[in-house]
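Participant: Supplied structure: data-v9.txt, compact mmCIF, C-alpha atoms and all ligand atoms.
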```
# COMPACT_ATOMS: atom_id res chain seq x y z
CA MET Q 94 0.00 0.00 0.00
CA LYS Q 95 1.58 3.25 -1.07
CA ASN Q 96 0.90 6.40 0.89
CA VAL Q 97 0.83 9.80 -0.73
CA THR Q 98 0.62 13.12 1.07
CA SER Q 99 -1.59 15.84 -0.31
CA SER Q 100 1.42 18.13 -0.78
CA GLU Q 101 2.76 15.73 -3.45
CA ILE Q 102 -0.56 15.55 -5.32
CA THR Q 103 -1.26 17.66 -8.38
CA VAL Q 104 -4.55 17.68 -10.25
CA CYS Q 105 -4.33 18.64 -13.92
CA GLY Q 106 -1.56 21.15 -13.23
CA HIS Q 107 -3.12 22.55 -10.03
CA THR Q 108 -1.74 21.94 -6.55
CA TYR Q 109 -3.97 19.87 -4.28
CA ASP Q 110 -4.91 22.95 -2.23
CA GLU Q 111 -5.75 24.93 -5.36
CA TYR Q 112 -7.98 22.11 -6.53
CA ILE Q 113 -9.82 22.03 -3.18
CA GLU Q 114 -10.51 25.77 -3.53
CA MET Q 115 -11.75 25.21 -7.09
CA ILE Q 116 -14.15 22.53 -5.82
CA LYS Q 117 -15.55 24.88 -3.17
CA ALA Q 118 -16.14 27.63 -5.73
CA PHE Q 119 -17.72 25.35 -8.34
CA HIS Q 120 -19.50 22.57 -6.45
CA GLY Q 121 -20.40 24.42 -3.24
CA HIS Q 122 -18.66 22.11 -0.78
CA VAL Q 123 -15.71 19.72 -0.76
CA ALA Q 124 -17.53 16.56 -1.81
CA PRO Q 125 -15.33 13.45 -1.48
CA GLY Q 126 -16.49 12.33 -4.92
CA MET Q 127 -15.04 15.51 -6.38
CA VAL Q 128 -11.68 14.85 -4.69
CA ILE Q 129 -11.28 11.33 -6.08
CA GLY Q 130 -12.89 12.54 -9.32
CA GLY Q 131 -10.07 15.05 -9.76
CA PHE Q 132 -7.49 12.28 -9.33
CA MET Q 133 -9.37 10.29 -11.98
CA VAL Q 134 -9.43 13.11 -14.55
CA ASP Q 135 -5.74 13.75 -13.88
CA LEU Q 136 -4.89 10.06 -14.37
CA ALA Q 137 -6.90 9.92 -17.61
CA ASN Q 138 -5.07 13.01 -18.89
CA ARG Q 139 -1.69 11.48 -18.08
CA ASN Q 140 -2.56 8.50 -20.26
CA LEU Q 141 -3.51 10.58 -23.30
CA PRO Q 142 -1.34 12.47 -25.83
CA GLN Q 143 -0.73 16.01 -24.57
CA GLY Q 144 -1.92 19.10 -26.38
CA GLU Q 145 -5.02 17.55 -27.94
CA TYR Q 146 -8.64 18.05 -26.97
CA PHE Q 147 -10.80 15.13 -25.94
CA ASP Q 148 -14.49 14.50 -25.44
CA ALA Q 149 -15.67 12.89 -22.23
CA ILE Q 150 -18.12 10.23 -21.11
CA CYS Q 151 -19.09 9.96 -17.47
CA GLU Q 152 -20.79 6.80 -16.23
CA THR Q 153 -22.46 8.36 -13.19
CA ARG Q 154 -24.42 11.52 -12.41
CA ALA Q 155 -22.87 11.81 -8.94
CA CYS Q 156 -20.02 14.33 -8.48
CA LEU Q 157 -17.82 13.03 -11.29
CA PRO Q 158 -19.43 15.16 -14.06
CA ASP Q 159 -18.49 18.27 -12.06
CA ALA Q 160 -14.85 17.15 -11.73
CA ILE Q 161 -14.73 16.73 -15.51
CA GLN Q 162 -16.36 20.11 -16.12
CA LEU Q 163 -13.98 21.80 -13.69
CA LEU Q 164 -10.77 20.30 -15.08
CA THR Q 165 -11.40 19.88 -18.82
CA PRO Q 166 -13.04 22.00 -21.53
CA CYS Q 167 -15.86 19.40 -21.62
CA THR Q 168 -19.26 20.40 -20.26
CA VAL Q 169 -22.73 18.92 -20.60
CA GLY Q 170 -23.80 22.21 -22.17
CA ASN Q 171 -21.18 22.29 -24.93
CA GLY Q 172 -21.86 18.65 -25.71
CA TRP Q 173 -18.28 17.45 -25.15
CA LEU Q 174 -19.33 15.70 -21.94
CA ARG Q 175 -22.00 13.02 -22.13
CA VAL Q 176 -23.39 11.36 -19.04
CA VAL Q 177 -24.17 7.71 -19.79
CA ASP Q 178 -25.64 6.76 -16.44
CA LEU Q 179 -24.43 3.19 -15.91
CA GLY Q 180 -24.11 3.82 -12.18
CA ARG Q 181 -20.36 3.13 -12.25
CA PHE Q 182 -17.93 5.71 -10.88
CA ALA Q 183 -15.90 5.86 -14.08
CA LEU Q 184 -15.06 8.22 -16.92
CA SER Q 185 -13.55 8.06 -20.39
CA LEU Q 186 -11.73 10.74 -22.34
CA PHE Q 187 -11.58 10.06 -26.08
CA GLU Q 188 -10.68 11.54 -29.44
CA LYS Q 189 -13.97 12.62 -30.96
CA TYR Q 190 -13.42 11.41 -34.56
CA THR Q 191 -11.82 8.01 -33.87
CA GLY Q 192 -13.38 7.27 -30.48
CA ASP Q 193 -9.98 6.14 -29.17
CA GLY Q 194 -9.28 7.00 -25.58
CA VAL Q 195 -8.83 5.89 -22.00
CA ARG Q 196 -11.23 4.91 -19.25
CA VAL Q 197 -10.49 5.37 -15.56
CA TYR Q 198 -12.51 3.51 -12.93
CA VAL Q 199 -12.45 2.73 -9.22
CA ASN Q 200 -11.11 -0.80 -8.76
CA SER Q 201 -13.33 -2.31 -6.05
CA ARG Q 202 -10.85 -5.15 -5.51
CA LYS Q 203 -8.32 -2.62 -4.22
CA LEU Q 204 -10.67 -1.14 -1.63
CA ASP Q 205 -10.24 -3.69 1.17
CA ASP Q 206 -7.21 -1.73 2.42
CA TRP Q 207 -9.27 1.48 2.47
CA PRO Q 208 -12.35 1.04 4.72
CA GLU Q 209 -13.57 4.66 4.50
CA ILE Q 210 -13.41 4.67 0.70
CA LYS Q 211 -15.08 1.29 0.50
CA ALA Q 212 -17.88 2.44 2.82
CA PHE Q 213 -18.30 5.56 0.66
CA PHE Q 214 -18.61 3.83 -2.70
CA PHE Q 215 -20.77 0.98 -1.41
CA LYS Q 216 -22.89 3.33 0.72
CA LEU Q 217 -22.19 1.24 3.84
CA THR Q 218 -22.55 4.22 6.19
CA PRO Q 219 -25.49 6.65 6.10
CA LYS Q 220 -24.35 9.93 4.58
CA LYS Q 221 -24.87 11.94 7.77
CA GLU Q 222 -22.67 9.56 9.75
CA GLN Q 223 -19.92 9.75 7.13
CA ASP Q 224 -16.66 11.24 8.41
CA SER Q 225 -15.74 13.32 5.36
CA GLU Q 226 -12.39 14.41 6.75
CA ALA Q 227 -11.25 10.84 7.42
CA LEU Q 228 -12.59 9.77 4.03
CA ILE Q 229 -10.80 12.52 2.11
CA ALA Q 230 -7.59 11.86 4.09
CA GLU Q 231 -7.82 8.22 3.04
CA MET Q 232 -8.44 9.24 -0.58
CA ASN Q 233 -5.27 11.34 -0.45
CA ARG Q 234 -3.23 8.41 0.88
CA ALA Q 235 -4.68 5.99 -1.64
CA HIS Q 236 -4.49 8.55 -4.46
CA THR Q 237 -4.40 6.69 -7.81
CA SER Q 238 -3.48 3.27 -6.33
CA ILE Q 239 -7.17 2.27 -6.28
CA LEU Q 240 -7.84 3.40 -9.84
CA GLY Q 241 -7.74 1.24 -12.94
CA VAL Q 242 -6.96 2.51 -16.45
CA GLN Q 243 -8.28 0.89 -19.63
CA LYS Q 244 -7.63 1.62 -23.29
CA VAL Q 245 -11.03 1.99 -24.95
CA THR Q 246 -12.63 2.80 -28.27
CA ILE Q 247 -16.01 4.48 -27.98
CA ASP Q 248 -18.84 3.28 -30.24
CA LEU Q 249 -19.55 6.71 -31.71
CA ASN Q 250 -22.90 5.60 -33.18
CA ALA Q 251 -24.07 4.47 -29.76
CA ILE Q 252 -23.57 7.91 -28.22
CA LYS Q 253 -24.80 9.96 -31.16
CA SER Q 254 -28.13 11.70 -30.61
CA SER Q 255 -30.23 12.17 -33.75
CA ARG Q 256 -33.43 12.81 -31.82
CA ARG Q 257 -33.12 16.58 -32.04
CA ASP Q 258 -32.74 17.05 -35.78
CA VAL Q 259 -36.17 18.51 -36.63
CA PHE Q 260 -38.20 20.71 -34.33
CA THR Q 261 -41.84 21.69 -34.49
CA THR Q 262 -44.27 23.66 -32.29
CA CYS Q 263 -46.41 21.74 -29.79
CA TRP Q 264 -50.07 22.73 -30.34
CA LEU Q 265 -50.83 22.23 -26.67
CA CYS Q 266 -48.11 24.23 -24.87
CA GLY Q 267 -46.93 26.29 -27.85
CA GLU Q 268 -43.27 25.44 -27.23
CA GLY Q 269 -40.78 23.97 -29.68
CA TYR Q 270 -39.93 20.28 -29.35
CA PRO Q 271 -38.21 17.48 -31.35
CA GLU Q 272 -40.75 16.27 -33.92
CA ASN Q 273 -39.75 12.62 -33.38
CA ASP Q 274 -41.26 12.76 -29.89
CA GLY Q 275 -44.83 12.59 -31.27
CA GLU Q 276 -47.95 14.72 -31.93
CA ILE Q 277 -47.35 16.74 -28.78
CA CYS Q 278 -44.18 17.36 -26.76
CA LEU Q 279 -42.95 14.97 -24.07
CA GLY Q 280 -43.90 17.55 -21.44
CA CYS Q 281 -47.53 17.53 -22.59
CA GLN Q 282 -47.41 13.74 -22.86
CA GLY Q 283 -47.17 13.71 -19.07
CA LYS Q 284 -43.39 13.37 -18.73
CA ALA Q 285 -42.82 16.80 -17.14
CA PRO Q 286 -41.89 16.68 -13.43
CA TYR Q 287 -44.21 19.52 -12.34
CA SER Q 288 -47.05 18.79 -9.92
CA HIS Q 289 -48.32 22.35 -10.49
CA PHE Q 290 -47.75 25.09 -13.04
CA GLU Q 291 -49.43 28.32 -14.01
CA ILE Q 292 -48.56 31.05 -16.46
CA LEU Q 293 -47.25 34.27 -14.87
CA SER Q 294 -46.19 35.79 -18.18
CA SER Q 295 -45.93 34.45 -21.72
CA GLY Q 296 -43.60 37.20 -22.92
CA GLU Q 297 -44.31 40.88 -23.54
CA ASP Q 298 -46.16 42.18 -26.62
ZN ZN P 1 -46.35 20.70 -25.30
```
Could you spell out this file's structure in structure tokens?
Facilitator:
Amino acid sequence: MKNVTSSEITVCGHTYDEYIEMIKAFHGHVAPGMVIGGFMVDLANRNLPQGEYFDAICETRACLPDAIQLLTPCTVGNGWLRVVDLGRFALSLFEKYTGDGVRVYVNSRKLDDWPEIKAFFFKLTPKKEQDSEALIAEMNRAHTSILGVQKVTIDLNAIKSSRRDVFTTCWLCGEGYPENDGEICLGCQGKAPYSHFEILSSGED
């Protein structure tokens, strides 16, 4: 078991302390998932050719997308980061035309030496009983020793979205929506998560 101190850790060119400040500013609080997520993005970067830009896939919605958005040019909004919610704490960075890249994941088989980290990923302790300081300290000592790296090629057809090619106006709500979704928009088909809504303004004339 190798032990690393936080003063030796860098995250995509930032010192550890700088990265912690970046997390606070971006994510609101120092979430443990953001700490290990930063180590994962850094490790992925180290396994890719330098000076090129890569797209990203994140396999969970929890914390890791924010680490990617903080440390790479990839965001959900610019389309370079896709969340494919497989429920695994893993990410891939890949070249967008060939799909060639690397995947970094948490190797569960390495977690027996790290009880706090294991309890975190397997949700063995209720969140309010979680000792975040002890957990983050353990993450610093474990650093990348619990992370696996794979060479991957992304199936670019599988992640391509063609659903939003043609838009039309929904006759019920009057908003634009992807025509493929049907006669009315998905919101008016009952898929909107609002238990109540009312119009306060529909724009000024
Ligand atoms: Zn509608």
Participant: Counting all atoms listed in the file, which residue out of Q:Asp135, Q:Glu268, Q:Asp159, Q:Glu188 sits closest to Leu249 (chain Q)?
Facilitator: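 Of Q:Asp135, Q:Glu268, Q:Asp159, Q:Glu188, the one nearest Leu249 (chain Q) is Q:Glu188, counting all atoms listed in the file.
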Participant: Between Q:Lys189, Q:Cys263, Q:Lys284, Q:Asp274, which is the closest to ligand ZN 1 (chain P) once you count only C-alpha atoms and all ligand atoms?
Facilitator: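 Of Q:Lys189, Q:Cys263, Q:Lys284, Q:Asp274, the one nearest ligand ZN 1 (chain P) is Q:Cys263, counting only C-alpha atoms and all ligand atoms.
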Participant: Once you count all atoms listed in the file, which residues end up within 7 Å of ligand ZN 1 (chain P), and could you hand them over as JSON, numbers by chain?
Facilitator: {"Q": [263, 264, 265, 266, 267, 268, 277, 278, 279, 280, 281]}
Participant: Which centre and edge lengths in Å to one decimal define the box along x, y and z that fits every listed atom of region 97-115 of chain Q plus 4 Å per side, as AutoDock Vina command-line options?
Facilitator:
```
--center_x -4.5 --center_y 17.8 --center_z -6.4 --size_x 22.5 --size_y 24.0 --size_z 23.0
```
Participant: Could you jot down the CA of Glu152 (chain Q) to CA of Val104 (chain Q) separation for me, Å, one decimal place?
Facilitator: 20.4 Å
Participant: Set the distance at 9 Å and use all atoms listed in the file: which residues neighbour His236 (chain Q) once local chain neighbours fewer than 6 positions away are removed? I'd like the list as a ChimeraX atom specification.
Facilitator: /Q:95-99,102,129,132
Participant: Which of these, Q:Gln223, Q:Leu136, Q:Thr262, Q:Ala160, has the shortest distance to Ser238 (chain Q) once you count only C-alpha atoms?
Facilitator: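 Smallest separation from Ser238 (chain Q) among the options: Q:Leu136.
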Participant: Provide the CA of Ile292 (chain Q) to CA of Val259 (chain Q) distance in Å, to one decimal place.
Facilitator: 26.8 Å
Participant: Quick one: residues within 10 Å of Ala230 (chain Q), only C-alpha atoms counted, chain neighbours fewer than 2 positions away excluded, as a ChimeraX atom specification?
Facilitator: /Q:97-99,125,209-210,225-228,232-236
Participant: Using only C-alpha atoms, which residues of region 118-151 of chain Q come within 8 Å of region 169-176 of chain Q, and what is the closest atom pair for each, with the distance in Å to one decimal? Give it as a Markdown table, sorted by chain and residue number.
Facilitator:
```
| residue | atom | partner | partner_atom | distance |
| --- | --- | --- | --- | --- |
| Q:Phe147 | CA | Q:Trp173 | CA | 7.9 |
| Q:Asp148 | CA | Q:Trp173 | CA | 4.8 |
| Q:Ala149 | CA | Q:Leu174 | CA | 4.6 |
| Q:Ile150 | CA | Q:Arg175 | CA | 4.9 |
| Q:Cys151 | CA | Q:Val176 | CA | 4.8 |
```
Participant: Using only C-alpha atoms, which of the listed residues (Q:Asp193, Q:Glu231, Q:Asp178, Q:Glu111) sits closest to Pro208 (chain Q)?
Facilitator: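 So, comparing all the options, the nearest one is Q:Glu231.
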Participant: Rounded to one decimal in Å, what is the spacing between CA of Tyr146 (chain Q) and CA of Cys105 (chain Q)?
Facilitator: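 Atom-to-atom, CA of Tyr146 (chain Q) and CA of Cys105 (chain Q) are spaced 13.8 Å apart.
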Participant: Can you tell me, as number ranges by chain, what residues are no more than 7 Å from Phe182 (chain Q) when counting only C-alpha atoms, ignoring any on the same chain fewer than 4 positions away?
Facilitator: Q: 152-153, 198-199
Participant: Closest to Gln243 (chain Q) among Q:Leu157, Q:Ala183, Q:Ala118, Q:Met127, using only C-alpha atoms?
Facilitator: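 Smallest separation from Gln243 (chain Q) among the options: Q:Ala183.
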Participant: Between Q:Gly241, Q:Pro271, Q:Pro219, Q:Pro286, which has the minimum distance to Val197 (chain Q) (counting only C-alpha atoms)?
Facilitator: Q:Gly241
